[in-house]
$ cat query_3.pdb   # PDB, C-alpha atoms
ATOM      1  CA  MET A  56    -141.182  69.244 -29.031  1.00  0.00           C
ATOM      2  CA  THR A  57    -144.577  68.003 -30.146  1.00  0.00           C
ATOM      3  CA  ALA A  58    -147.102  65.813 -28.385  1.00  0.00           C
ATOM      4  CA  ASN A  59    -145.864  62.883 -30.451  1.00  0.00           C
ATOM      5  CA  ILE A  60    -142.605  62.714 -28.482  1.00  0.00           C
ATOM      6  CA  ASN A  61    -142.696  60.885 -25.162  1.00  0.00           C
ATOM      7  CA  THR A  62    -142.723  63.308 -22.236  1.00  0.00           C
ATOM      8  CA  ASN A  63    -140.796  60.779 -20.120  1.00  0.00           C
ATOM      9  CA  LEU A  64    -137.622  60.853 -22.173  1.00  0.00           C
ATOM     10  CA  THR A  65    -135.454  57.971 -20.970  1.00  0.00           C
ATOM     11  CA  LEU A  66    -132.933  58.624 -23.769  1.00  0.00           C
ATOM     12  CA  LYS A  67    -133.000  62.418 -23.799  1.00  0.00           C
ATOM     13  CA  ASP A  68    -130.021  63.860 -25.719  1.00  0.00           C
ATOM     14  CA  LYS A  69    -128.485  60.420 -26.304  1.00  0.00           C
ATOM     15  CA  VAL A  70    -126.965  59.791 -29.731  1.00  0.00           C
ATOM     16  CA  ALA A  71    -127.733  56.447 -31.346  1.00  0.00           C
ATOM     17  CA  PHE A  72    -126.456  54.729 -34.470  1.00  0.00           C
ATOM     18  CA  VAL A  73    -128.636  52.001 -36.005  1.00  0.00           C
ATOM     19  CA  GLN A  74    -126.946  49.769 -38.540  1.00  0.00           C
ATOM     20  CA  GLY A  75    -129.672  48.839 -41.033  1.00  0.00           C
ATOM     21  CA  GLY A  76    -132.481  51.168 -40.013  1.00  0.00           C
ATOM     22  CA  SER A  77    -134.561  52.101 -43.030  1.00  0.00           C
ATOM     23  CA  ARG A  78    -137.276  49.433 -42.886  1.00  0.00           C
ATOM     24  CA  GLY A  79    -138.846  46.663 -40.831  1.00  0.00           C
ATOM     25  CA  ILE A  80    -137.438  46.140 -37.347  1.00  0.00           C
ATOM     26  CA  GLY A  81    -134.692  48.694 -37.973  1.00  0.00           C
ATOM     27  CA  ALA A  82    -137.133  51.481 -38.827  1.00  0.00           C
ATOM     28  CA  ALA A  83    -139.236  50.638 -35.780  1.00  0.00           C
ATOM     29  CA  ILE A  84    -136.101  50.868 -33.622  1.00  0.00           C
ATOM     30  CA  VAL A  85    -135.201  54.259 -35.099  1.00  0.00           C
ATOM     31  CA  GLU A  86    -138.691  55.582 -34.377  1.00  0.00           C
ATOM     32  CA  ARG A  87    -138.780  54.213 -30.833  1.00  0.00           C
ATOM     33  CA  LEU A  88    -135.358  55.567 -29.887  1.00  0.00           C
ATOM     34  CA  VAL A  89    -136.370  58.984 -31.200  1.00  0.00           C
ATOM     35  CA  GLN A  90    -139.634  58.743 -29.275  1.00  0.00           C
ATOM     36  CA  GLU A  91    -137.554  58.203 -26.133  1.00  0.00           C
ATOM     37  CA  GLY A  92    -135.559  61.365 -26.841  1.00  0.00           C
ATOM     38  CA  ALA A  93    -132.510  60.093 -28.750  1.00  0.00           C
ATOM     39  CA  ILE A  94    -130.952  61.595 -31.847  1.00  0.00           C
ATOM     40  CA  VAL A  95    -130.566  58.742 -34.330  1.00  0.00           C
ATOM     41  CA  ALA A  96    -128.314  58.160 -37.322  1.00  0.00           C
ATOM     42  CA  PHE A  97    -129.054  55.052 -39.361  1.00  0.00           C
ATOM     43  CA  THR A  98    -127.707  53.296 -42.435  1.00  0.00           C
ATOM     44  CA  TYR A  99    -129.465  52.018 -45.517  1.00  0.00           C
ATOM     45  CA  VAL A 100    -128.166  50.112 -48.527  1.00  0.00           C
ATOM     46  CA  SER A 101    -130.628  51.073 -51.269  1.00  0.00           C
ATOM     47  CA  SER A 102    -133.954  52.922 -51.559  1.00  0.00           C
ATOM     48  CA  PRO A 103    -132.911  56.431 -50.507  1.00  0.00           C
ATOM     49  CA  ASP A 104    -136.541  57.493 -50.853  1.00  0.00           C
ATOM     50  CA  LYS A 105    -137.560  55.126 -48.039  1.00  0.00           C
ATOM     51  CA  ALA A 106    -134.689  56.297 -45.869  1.00  0.00           C
ATOM     52  CA  GLN A 107    -135.543  59.958 -46.396  1.00  0.00           C
ATOM     53  CA  ALA A 108    -139.227  59.231 -45.765  1.00  0.00           C
ATOM     54  CA  LEU A 109    -138.266  57.837 -42.359  1.00  0.00           C
ATOM     55  CA  VAL A 110    -136.190  60.947 -41.600  1.00  0.00           C
ATOM     56  CA  SER A 111    -139.139  63.139 -42.594  1.00  0.00           C
ATOM     57  CA  LYS A 112    -141.505  61.118 -40.427  1.00  0.00           C
ATOM     58  CA  VAL A 113    -139.188  61.494 -37.437  1.00  0.00           C
ATOM     59  CA  GLU A 114    -138.737  65.218 -38.004  1.00  0.00           C
ATOM     60  CA  ALA A 115    -142.494  65.733 -38.364  1.00  0.00           C
ATOM     61  CA  LYS A 116    -142.847  64.403 -34.821  1.00  0.00           C
ATOM     62  CA  GLY A 117    -140.208  66.755 -33.461  1.00  0.00           C
ATOM     63  CA  GLY A 118    -137.256  64.352 -33.535  1.00  0.00           C
ATOM     64  CA  ARG A 119    -133.860  64.314 -35.253  1.00  0.00           C
ATOM     65  CA  ALA A 120    -132.530  61.608 -37.561  1.00  0.00           C
ATOM     66  CA  LEU A 121    -129.817  61.238 -40.176  1.00  0.00           C
ATOM     67  CA  ALA A 122    -129.797  58.669 -42.987  1.00  0.00           C
ATOM     68  CA  ILE A 123    -126.391  57.499 -44.256  1.00  0.00           C
ATOM     69  CA  GLN A 124    -125.946  55.136 -47.200  1.00  0.00           C
ATOM     70  CA  ALA A 125    -123.606  52.259 -46.333  1.00  0.00           C
ATOM     71  CA  ASP A 126    -123.562  48.532 -47.075  1.00  0.00           C
ATOM     72  CA  SER A 127    -122.778  46.700 -43.834  1.00  0.00           C
ATOM     73  CA  SER A 128    -120.604  44.223 -45.723  1.00  0.00           C
ATOM     74  CA  ASP A 129    -118.338  47.122 -46.788  1.00  0.00           C
ATOM     75  CA  THR A 130    -115.993  47.711 -43.859  1.00  0.00           C
ATOM     76  CA  ALA A 131    -114.751  51.126 -44.969  1.00  0.00           C
ATOM     77  CA  ALA A 132    -118.263  52.407 -45.694  1.00  0.00           C
ATOM     78  CA  LEU A 133    -119.571  51.225 -42.326  1.00  0.00           C
ATOM     79  CA  GLN A 134    -116.648  52.769 -40.454  1.00  0.00           C
ATOM     80  CA  GLN A 135    -117.111  56.038 -42.308  1.00  0.00           C
ATOM     81  CA  ALA A 136    -120.852  56.085 -41.560  1.00  0.00           C
ATOM     82  CA  ILE A 137    -120.162  55.747 -37.845  1.00  0.00           C
ATOM     83  CA  ARG A 138    -117.564  58.511 -37.988  1.00  0.00           C
ATOM     84  CA  ILE A 139    -120.007  60.781 -39.819  1.00  0.00           C
ATOM     85  CA  ALA A 140    -122.639  60.203 -37.146  1.00  0.00           C
ATOM     86  CA  ALA A 141    -120.199  60.794 -34.280  1.00  0.00           C
ATOM     87  CA  GLU A 142    -118.746  63.924 -35.863  1.00  0.00           C
ATOM     88  CA  THR A 143    -122.186  65.310 -36.738  1.00  0.00           C
ATOM     89  CA  PHE A 144    -123.646  64.847 -33.264  1.00  0.00           C
ATOM     90  CA  GLY A 145    -120.496  65.010 -31.150  1.00  0.00           C
ATOM     91  CA  ARG A 146    -120.384  61.466 -29.775  1.00  0.00           C
ATOM     92  CA  LEU A 147    -122.154  58.093 -29.733  1.00  0.00           C
ATOM     93  CA  ASP A 148    -124.042  56.631 -26.773  1.00  0.00           C
ATOM     94  CA  ILE A 149    -125.939  53.735 -28.353  1.00  0.00           C
ATOM     95  CA  LEU A 150    -125.086  51.311 -31.162  1.00  0.00           C
ATOM     96  CA  VAL A 151    -127.757  48.991 -32.521  1.00  0.00           C
ATOM     97  CA  ASN A 152    -126.504  46.335 -34.944  1.00  0.00           C
ATOM     98  CA  ASN A 153    -129.643  45.457 -36.863  1.00  0.00           C
ATOM     99  CA  ALA A 154    -128.344  44.748 -40.380  1.00  0.00           C
ATOM    100  CA  GLY A 155    -128.854  41.155 -41.400  1.00  0.00           C
ATOM    101  CA  VAL A 156    -129.286  38.858 -44.379  1.00  0.00           C
ATOM    102  CA  LEU A 157    -130.943  35.468 -44.731  1.00  0.00           C
ATOM    103  CA  ALA A 158    -129.894  32.856 -47.269  1.00  0.00           C
ATOM    104  CA  LEU A 159    -131.428  29.384 -47.143  1.00  0.00           C
ATOM    105  CA  GLY A 160    -130.370  26.253 -48.979  1.00  0.00           C
ATOM    106  CA  SER A 161    -129.304  22.672 -48.663  1.00  0.00           C
ATOM    107  CA  VAL A 162    -125.749  21.830 -47.683  1.00  0.00           C
ATOM    108  CA  GLU A 163    -125.106  20.344 -51.130  1.00  0.00           C
ATOM    109  CA  GLU A 164    -126.297  23.419 -53.046  1.00  0.00           C
ATOM    110  CA  PHE A 165    -125.507  26.333 -50.723  1.00  0.00           C
ATOM    111  CA  LYS A 166    -123.340  28.868 -52.559  1.00  0.00           C
ATOM    112  CA  LEU A 167    -120.094  29.860 -50.897  1.00  0.00           C
ATOM    113  CA  GLU A 168    -120.636  33.473 -51.897  1.00  0.00           C
ATOM    114  CA  ASP A 169    -123.891  33.387 -49.866  1.00  0.00           C
ATOM    115  CA  LEU A 170    -121.936  31.956 -46.943  1.00  0.00           C
ATOM    116  CA  ASP A 171    -119.382  34.764 -47.190  1.00  0.00           C
ATOM    117  CA  ARG A 172    -122.017  37.513 -47.406  1.00  0.00           C
ATOM    118  CA  THR A 173    -123.985  36.047 -44.493  1.00  0.00           C
ATOM    119  CA  LEU A 174    -120.909  36.097 -42.289  1.00  0.00           C
ATOM    120  CA  ALA A 175    -119.865  39.542 -43.553  1.00  0.00           C
ATOM    121  CA  VAL A 176    -123.195  41.162 -42.684  1.00  0.00           C
ATOM    122  CA  ASN A 177    -124.472  39.095 -39.756  1.00  0.00           C
ATOM    123  CA  VAL A 178    -121.184  38.693 -37.868  1.00  0.00           C
ATOM    124  CA  ARG A 179    -118.261  40.719 -39.214  1.00  0.00           C
ATOM    125  CA  SER A 180    -120.195  43.981 -39.427  1.00  0.00           C
ATOM    126  CA  VAL A 181    -121.207  43.637 -35.771  1.00  0.00           C
ATOM    127  CA  PHE A 182    -117.559  43.546 -34.721  1.00  0.00           C
ATOM    128  CA  VAL A 183    -116.539  46.278 -37.172  1.00  0.00           C
ATOM    129  CA  ALA A 184    -119.323  48.608 -36.038  1.00  0.00           C
ATOM    130  CA  THR A 185    -118.609  47.929 -32.387  1.00  0.00           C
ATOM    131  CA  GLN A 186    -114.885  48.500 -32.818  1.00  0.00           C
ATOM    132  CA  GLU A 187    -115.493  51.843 -34.502  1.00  0.00           C
ATOM    133  CA  ALA A 188    -118.376  53.009 -32.301  1.00  0.00           C
ATOM    134  CA  VAL A 189    -116.568  52.519 -28.994  1.00  0.00           C
ATOM    135  CA  ARG A 190    -113.949  55.042 -30.110  1.00  0.00           C
ATOM    136  CA  PHE A 191    -116.680  57.664 -29.621  1.00  0.00           C
ATOM    137  CA  MET A 192    -118.507  56.066 -26.670  1.00  0.00           C
ATOM    138  CA  GLY A 193    -118.067  56.790 -22.979  1.00  0.00           C
ATOM    139  CA  GLU A 194    -119.321  55.512 -19.634  1.00  0.00           C
ATOM    140  CA  GLY A 195    -122.898  54.261 -19.877  1.00  0.00           C
ATOM    141  CA  GLY A 196    -122.658  53.316 -23.542  1.00  0.00           C
ATOM    142  CA  ARG A 197    -124.939  50.652 -24.939  1.00  0.00           C
ATOM    143  CA  ILE A 198    -124.297  48.110 -27.693  1.00  0.00           C
ATOM    144  CA  ILE A 199    -127.274  46.029 -28.780  1.00  0.00           C
ATOM    145  CA  THR A 200    -127.286  43.464 -31.577  1.00  0.00           C
ATOM    146  CA  ILE A 201    -130.382  41.990 -33.188  1.00  0.00           C
ATOM    147  CA  GLY A 202    -129.687  38.266 -33.328  1.00  0.00           C
ATOM    148  CA  SER A 203    -132.258  35.518 -33.743  1.00  0.00           C
ATOM    149  CA  THR A 204    -134.010  32.764 -31.849  1.00  0.00           C
ATOM    150  CA  ASN A 205    -132.540  30.515 -34.558  1.00  0.00           C
ATOM    151  CA  ALA A 206    -129.242  30.698 -32.694  1.00  0.00           C
ATOM    152  CA  ASP A 207    -130.827  28.247 -30.266  1.00  0.00           C
ATOM    153  CA  ARG A 208    -133.385  26.474 -32.432  1.00  0.00           C
ATOM    154  CA  MET A 209    -133.411  25.793 -36.162  1.00  0.00           C
ATOM    155  CA  PRO A 210    -136.451  23.551 -36.699  1.00  0.00           C
ATOM    156  CA  PHE A 211    -136.353  23.267 -40.483  1.00  0.00           C
ATOM    157  CA  ALA A 212    -133.794  22.280 -43.101  1.00  0.00           C
ATOM    158  CA  GLY A 213    -131.768  24.800 -45.052  1.00  0.00           C
ATOM    159  CA  GLY A 214    -131.010  27.262 -42.271  1.00  0.00           C
ATOM    160  CA  ALA A 215    -127.633  25.993 -41.073  1.00  0.00           C
ATOM    161  CA  VAL A 216    -125.568  28.975 -42.210  1.00  0.00           C
ATOM    162  CA  TYR A 217    -128.048  31.528 -40.878  1.00  0.00           C
ATOM    163  CA  ALA A 218    -128.222  29.719 -37.529  1.00  0.00           C
ATOM    164  CA  MET A 219    -124.423  29.598 -37.385  1.00  0.00           C
ATOM    165  CA  SER A 220    -124.173  33.347 -37.979  1.00  0.00           C
ATOM    166  CA  LYS A 221    -126.649  34.115 -35.213  1.00  0.00           C
ATOM    167  CA  SER A 222    -124.998  31.657 -32.824  1.00  0.00           C
ATOM    168  CA  ALA A 223    -121.709  33.487 -33.386  1.00  0.00           C
ATOM    169  CA  ILE A 224    -123.347  36.638 -32.022  1.00  0.00           C
ATOM    170  CA  VAL A 225    -124.022  34.876 -28.712  1.00  0.00           C
ATOM    171  CA  GLY A 226    -120.315  34.265 -28.162  1.00  0.00           C
ATOM    172  CA  LEU A 227    -119.295  37.659 -29.513  1.00  0.00           C
ATOM    173  CA  THR A 228    -121.710  39.380 -27.132  1.00  0.00           C
ATOM    174  CA  LYS A 229    -120.255  37.545 -24.136  1.00  0.00           C
ATOM    175  CA  GLY A 230    -116.693  38.355 -25.129  1.00  0.00           C
ATOM    176  CA  LEU A 231    -117.369  42.013 -25.908  1.00  0.00           C
ATOM    177  CA  SER A 232    -119.140  42.454 -22.585  1.00  0.00           C
ATOM    178  CA  ARG A 233    -115.910  41.401 -20.834  1.00  0.00           C
ATOM    179  CA  ASP A 234    -113.812  43.706 -22.995  1.00  0.00           C
ATOM    180  CA  LEU A 235    -116.022  46.742 -22.531  1.00  0.00           C
ATOM    181  CA  GLY A 236    -117.415  46.214 -19.037  1.00  0.00           C
ATOM    182  CA  PRO A 237    -114.489  48.052 -17.375  1.00  0.00           C
ATOM    183  CA  ARG A 238    -115.454  51.096 -19.460  1.00  0.00           C
ATOM    184  CA  GLY A 239    -119.051  50.983 -18.236  1.00  0.00           C
ATOM    185  CA  ILE A 240    -120.381  49.914 -21.651  1.00  0.00           C
ATOM    186  CA  THR A 241    -122.989  47.142 -21.783  1.00  0.00           C
ATOM    187  CA  VAL A 242    -123.279  44.663 -24.670  1.00  0.00           C
ATOM    188  CA  ASN A 243    -126.415  42.613 -25.262  1.00  0.00           C
ATOM    189  CA  ASN A 244    -128.033  40.443 -27.928  1.00  0.00           C
ATOM    190  CA  VAL A 245    -131.784  40.552 -28.635  1.00  0.00           C
ATOM    191  CA  GLN A 246    -133.062  37.338 -30.229  1.00  0.00           C
ATOM    192  CA  PRO A 247    -136.411  37.819 -31.976  1.00  0.00           C
ATOM    193  CA  GLY A 248    -138.599  35.057 -33.247  1.00  0.00           C
ATOM    194  CA  PRO A 249    -140.735  35.485 -36.380  1.00  0.00           C
ATOM    195  CA  VAL A 250    -141.655  39.146 -36.837  1.00  0.00           C
ATOM    196  CA  ASP A 251    -144.123  40.581 -39.339  1.00  0.00           C
ATOM    197  CA  THR A 252    -142.073  42.534 -41.899  1.00  0.00           C
ATOM    198  CA  ASP A 253    -142.096  42.897 -45.673  1.00  0.00           C
ATOM    199  CA  MET A 254    -139.317  40.283 -45.819  1.00  0.00           C
ATOM    200  CA  ASN A 255    -141.222  37.781 -43.662  1.00  0.00           C
ATOM    201  CA  PRO A 256    -144.935  38.652 -43.738  1.00  0.00           C
ATOM    202  CA  ALA A 257    -147.270  37.161 -41.155  1.00  0.00           C
ATOM    203  CA  ASP A 258    -149.821  36.150 -43.804  1.00  0.00           C
ATOM    204  CA  SER A 259    -147.575  33.852 -45.873  1.00  0.00           C
ATOM    205  CA  ASP A 260    -147.762  30.060 -46.104  1.00  0.00           C
ATOM    206  CA  PHE A 261    -144.340  29.870 -44.440  1.00  0.00           C
ATOM    207  CA  ALA A 262    -145.678  31.967 -41.564  1.00  0.00           C
ATOM    208  CA  GLU A 263    -148.463  29.485 -40.921  1.00  0.00           C
ATOM    209  CA  THR A 264    -145.856  26.738 -40.531  1.00  0.00           C
ATOM    210  CA  LEU A 265    -143.843  28.794 -38.043  1.00  0.00           C
ATOM    211  CA  LYS A 266    -146.892  29.736 -35.992  1.00  0.00           C
ATOM    212  CA  GLY A 267    -147.444  26.040 -35.327  1.00  0.00           C
ATOM    213  CA  LEU A 268    -144.023  25.910 -33.611  1.00  0.00           C
ATOM    214  CA  MET A 269    -144.716  28.744 -31.181  1.00  0.00           C
ATOM    215  CA  ALA A 270    -146.248  28.989 -27.709  1.00  0.00           C
ATOM    216  CA  LEU A 271    -148.008  32.181 -28.808  1.00  0.00           C
ATOM    217  CA  PRO A 272    -149.402  31.326 -32.261  1.00  0.00           C
ATOM    218  CA  ARG A 273    -148.760  34.721 -33.835  1.00  0.00           C
ATOM    219  CA  TYR A 274    -145.966  36.720 -35.378  1.00  0.00           C
ATOM    220  CA  GLY A 275    -144.319  39.459 -33.358  1.00  0.00           C
ATOM    221  CA  LYS A 276    -144.565  43.126 -34.264  1.00  0.00           C
ATOM    222  CA  ALA A 277    -141.534  45.233 -35.133  1.00  0.00           C
ATOM    223  CA  GLU A 278    -142.638  47.696 -32.467  1.00  0.00           C
ATOM    224  CA  GLU A 279    -142.396  44.961 -29.826  1.00  0.00           C
ATOM    225  CA  ILE A 280    -138.764  44.322 -30.706  1.00  0.00           C
ATOM    226  CA  ALA A 281    -138.092  48.059 -30.739  1.00  0.00           C
ATOM    227  CA  SER A 282    -139.526  48.478 -27.238  1.00  0.00           C
ATOM    228  CA  PHE A 283    -137.149  45.808 -25.937  1.00  0.00           C
ATOM    229  CA  VAL A 284    -134.199  47.548 -27.594  1.00  0.00           C
ATOM    230  CA  ALA A 285    -135.242  50.881 -26.091  1.00  0.00           C
ATOM    231  CA  TYR A 286    -135.345  49.292 -22.634  1.00  0.00           C
ATOM    232  CA  LEU A 287    -131.827  47.864 -23.031  1.00  0.00           C
ATOM    233  CA  ALA A 288    -130.628  51.255 -24.240  1.00  0.00           C
ATOM    234  CA  GLY A 289    -132.110  52.993 -21.212  1.00  0.00           C
ATOM    235  CA  PRO A 290    -130.945  53.644 -17.647  1.00  0.00           C
ATOM    236  CA  GLU A 291    -132.930  50.813 -16.050  1.00  0.00           C
ATOM    237  CA  ALA A 292    -130.947  48.173 -17.982  1.00  0.00           C
ATOM    238  CA  GLY A 293    -127.541  49.264 -16.746  1.00  0.00           C
ATOM    239  CA  TYR A 294    -126.855  45.968 -14.953  1.00  0.00           C
ATOM    240  CA  ILE A 295    -127.661  43.757 -17.959  1.00  0.00           C
ATOM    241  CA  THR A 296    -124.670  42.809 -20.103  1.00  0.00           C
ATOM    242  CA  GLY A 297    -123.340  39.794 -21.969  1.00  0.00           C
ATOM    243  CA  ALA A 298    -126.907  38.518 -22.284  1.00  0.00           C
ATOM    244  CA  SER A 299    -128.790  36.920 -25.159  1.00  0.00           C
ATOM    245  CA  LEU A 300    -132.445  37.676 -24.547  1.00  0.00           C
ATOM    246  CA  MET A 301    -135.350  35.942 -26.298  1.00  0.00           C
ATOM    247  CA  ILE A 302    -138.382  37.797 -27.585  1.00  0.00           C
ATOM    248  CA  ASP A 303    -139.808  35.025 -29.716  1.00  0.00           C
ATOM    249  CA  GLY A 304    -143.363  34.181 -28.680  1.00  0.00           C
ATOM    250  CA  GLY A 305    -142.140  30.916 -27.190  1.00  0.00           C
ATOM    251  CA  PHE A 306    -140.563  29.688 -30.436  1.00  0.00           C
ATOM    252  CA  SER A 307    -137.644  28.308 -28.431  1.00  0.00           C
ATOM    253  CA  ALA A 308    -139.728  27.043 -25.488  1.00  0.00           C
TER     254      ALA A 308
END

$ encode --input "query_3.pdb" --output "structure tokens"
Amino acid sequence: MTANINTNLTLKDKVAFVQGGSRGIGAAIVERLVQEGAIVAFTYVSSPDKAQALVSKVEAKGGRALAIQADSSDTAALQQAIRIAAETFGRLDILVNNAGVLALGSVEEFKLEDLDRTLAVNVRSVFVATQEAVRFMGEGGRIITIGSTNADRMPFAGGAVYAMSKSAIVGLTKGLSRDLGPRGITVNNVQPGPVDTDMNPADSDFAETLKGLMALPRYGKAEEIASFVAYLAGPEAGYITGASLMIDGGFSA
């Protein structure tokens, strides 16, 4: 272990699977879970170089990570990725559903194929991954989905389908918490507001519009979302389940 790994390891020897973990919020989550002592497998769709760079970064700090190529809209590929992770590391303790897509457009012009892909990635993959992961998960397991503050507030036109997909996660989280509570597995939904990533940079014209809607007039950092996920994955959050928790700078206030 090097000095880069947290000496207070709240997730020591836990095995985590992050769906969509090669960049942005997902990569920050991978790094934070490793920092807390977890072994982390994560999926990526394209850019194997970026995925391997993240693995190398983790390993350079004394951690363990495994990158697995899988499109979250492909049920068989996602199921296989989870099985690979569980078989490689012996079990799963934590599932983070971070994969997501955003398609905007007016009701009149919105393409049905974009609707189908949005639901496949943002909703269906959450259920598929959960269904597969709990086969390898025991008492104390954690399931955490990255939703969106847009489940509760969509202040501009064109975001109806995205908002619908993230609202579905609220209900799914509640239902899954009832299903899995008797097994000692918690299920929670983290709802970020605008976060500075390559897909939604904090210095864009669109960002300036969003900042005007927030109580804290700034974008969040991926590391801030990751710290919240790490808390929910840890022992102190064992009594939190079925919850949708905002971390949005007051976007929904």

$ closest_residue --input "query_3.pdb" --among "A:Asp303, A:Ser161, A:Ala115, A:Glu187" --to "Asp207 in chain A" --atoms "all atoms listed in the file"
A:Asp303

$ resolve_selection --input "query_3.pdb" --expression "the PyMOL selection byres ((chain A and resi 180) around 10)" --output "list in words"
Gln74, Asp126, Ser127, Ser128, Asp129, Thr130, Leu133, Gln134, Asn152, Asn153, Ala154, Gly155, Leu174, Ala175, Val176, Asn177, Val178, Arg179, Val181, Phe182, Val183, Ala184, Thr185 and Gln186 of chain A

$ residues_near_point --input "query_3.pdb" --point "(-125.6, 40.5, -49.6)" --cutoff "7 Å" --atoms "all atoms listed in the file" --output "list in words"
Val156, Arg172 and Thr173 of chain A

$ closest_residue --input "query_3.pdb" --among "A:Ala108, A:Ala215, A:Ile198, A:Ala158" --to "Ser232 in chain A" --atoms "all atoms listed in the file"
A:Ile198

$ residues_around --input "query_3.pdb" --residues "Asp251 in chain A" --least-positions-apart "5" --cutoff "7 Å" --atoms "only C-alpha atoms" --output "list of chain:residue names"
A:Pro256, A:Ala257, A:Tyr274, A:Gly275, A:Lys276, A:Ala277

$ atom_distance --input "query_3.pdb" --atom1 "CA of Met209 in chain A" --atom2 "CA of Tyr99 in chain A"
28.1 Å

$ residues_near_point --input "query_3.pdb" --point "(-146.2, 30.6, -31.0)" --cutoff "10 Å" --atoms "all atoms listed in the file" --output "list of chain:residue names"
A:Gly248, A:Pro249, A:Leu265, A:Lys266, A:Gly267, A:Leu268, A:Met269, A:Ala270, A:Leu271, A:Pro272, A:Arg273, A:Tyr274, A:Gly275, A:Asp303, A:Gly304, A:Gly305, A:Phe306, A:Ser307, A:Ala308

$ resolve_selection --input "query_3.pdb" --expression "the PyMOL selection byres ((chain A and resi 201) around 8)" --output "MDAnalysis selection string"
chainID A and resid 151:154 199:200 202:203 244:247

$ atom_distance --input "query_3.pdb" --atom1 "CA of Ala136 in chain A" --atom2 "CA of Glu114 in chain A"
20.4 Å

$ residues_around --input "query_3.pdb" --residues "Val89 in chain A" --least-positions-apart "2" --cutoff "10 Å" --atoms "all atoms listed in the file" --output "ChimeraX atom specification"
/A:60-61,64,66-71,83-87,91-95,113-114,116-120,285

$ resolve_selection --input "query_3.pdb" --expression "the PyMOL selection byres ((chain A and resi 160) around 10)" --output "ChimeraX atom specification"
/A:158-159,161-166,169,212-217

$ write_last_selection --input "query_3.pdb" --atoms "C-alpha atoms" --output "PDB file, in the coordinates of the input"
ATOM      1  CA  ALA A 158    -129.894  32.856 -47.269  1.00  0.00           C
ATOM      2  CA  LEU A 159    -131.428  29.384 -47.143  1.00  0.00           C
ATOM      3  CA  SER A 161    -129.304  22.672 -48.663  1.00  0.00           C
ATOM      4  CA  VAL A 162    -125.749  21.830 -47.683  1.00  0.00           C
ATOM      5  CA  GLU A 163    -125.106  20.344 -51.130  1.00  0.00           C
ATOM      6  CA  GLU A 164    -126.297  23.419 -53.046  1.00  0.00           C
ATOM      7  CA  PHE A 165    -125.507  26.333 -50.723  1.00  0.00           C
ATOM      8  CA  LYS A 166    -123.340  28.868 -52.559  1.00  0.00           C
ATOM      9  CA  ASP A 169    -123.891  33.387 -49.866  1.00  0.00           C
ATOM     10  CA  ALA A 212    -133.794  22.280 -43.101  1.00  0.00           C
ATOM     11  CA  GLY A 213    -131.768  24.800 -45.052  1.00  0.00           C
ATOM     12  CA  GLY A 214    -131.010  27.262 -42.271  1.00  0.00           C
ATOM     13  CA  ALA A 215    -127.633  25.993 -41.073  1.00  0.00           C
ATOM     14  CA  VAL A 216    -125.568  28.975 -42.210  1.00  0.00           C
ATOM     15  CA  TYR A 217    -128.048  31.528 -40.878  1.00  0.00           C
TER      16      TYR A 217
END

$ atom_distance --input "query_3.pdb" --atom1 "CA of Arg197 in chain A" --atom2 "CA of Val73 in chain A"
11.7 Å

$ closest_residue --input "query_3.pdb" --among "A:Ala218, A:Ala262, A:Val189, A:Val100" --to "Leu147 in chain A" --atoms "all atoms listed in the file"
A:Val189

$ closest_residue --input "query_3.pdb" --among "A:Asp258, A:Ser77, A:Arg208, A:Thr296" --to "Lys229 in chain A" --atoms "all atoms listed in the file"
A:Thr296

$ residues_around --input "query_3.pdb" --residues "Ser102 in chain A" --least-positions-apart "2" --cutoff "12 Å" --atoms "only C-alpha atoms" --output "list in words"
Gly76, Ser77, Arg78, Thr98, Tyr99, Val100, Asp104, Lys105, Ala106, Gln107, Ala108, Leu109, Ala122, Ile123, Gln124 and Ala125 of chain A

$ residues_around --input "query_3.pdb" --residues "Thr228 in chain A" --least-positions-apart "4" --cutoff "8 Å" --atoms "only C-alpha atoms" --output "PDB file with C-alpha atoms, keeping the file's coordinate frame"
ATOM      1  CA  ILE A 224    -123.347  36.638 -32.022  1.00  0.00           C
ATOM      2  CA  SER A 232    -119.140  42.454 -22.585  1.00  0.00           C
ATOM      3  CA  VAL A 242    -123.279  44.663 -24.670  1.00  0.00           C
ATOM      4  CA  ASN A 243    -126.415  42.613 -25.262  1.00  0.00           C
ATOM      5  CA  ASN A 244    -128.033  40.443 -27.928  1.00  0.00           C
ATOM      6  CA  GLY A 297    -123.340  39.794 -21.969  1.00  0.00           C
ATOM      7  CA  ALA A 298    -126.907  38.518 -22.284  1.00  0.00           C
ATOM      8  CA  SER A 299    -128.790  36.920 -25.159  1.00  0.00           C
TER       9      SER A 299
END

$ axis_aligned_box --input "query_3.pdb" --around "range 150-163 of chain A" --padding-each-side "4 Å" --output "AutoDock Vina command-line options"
--center_x -128.3 --center_y 35.8 --center_z -41.1 --size_x 14.3 --size_y 39.0 --size_z 28.0
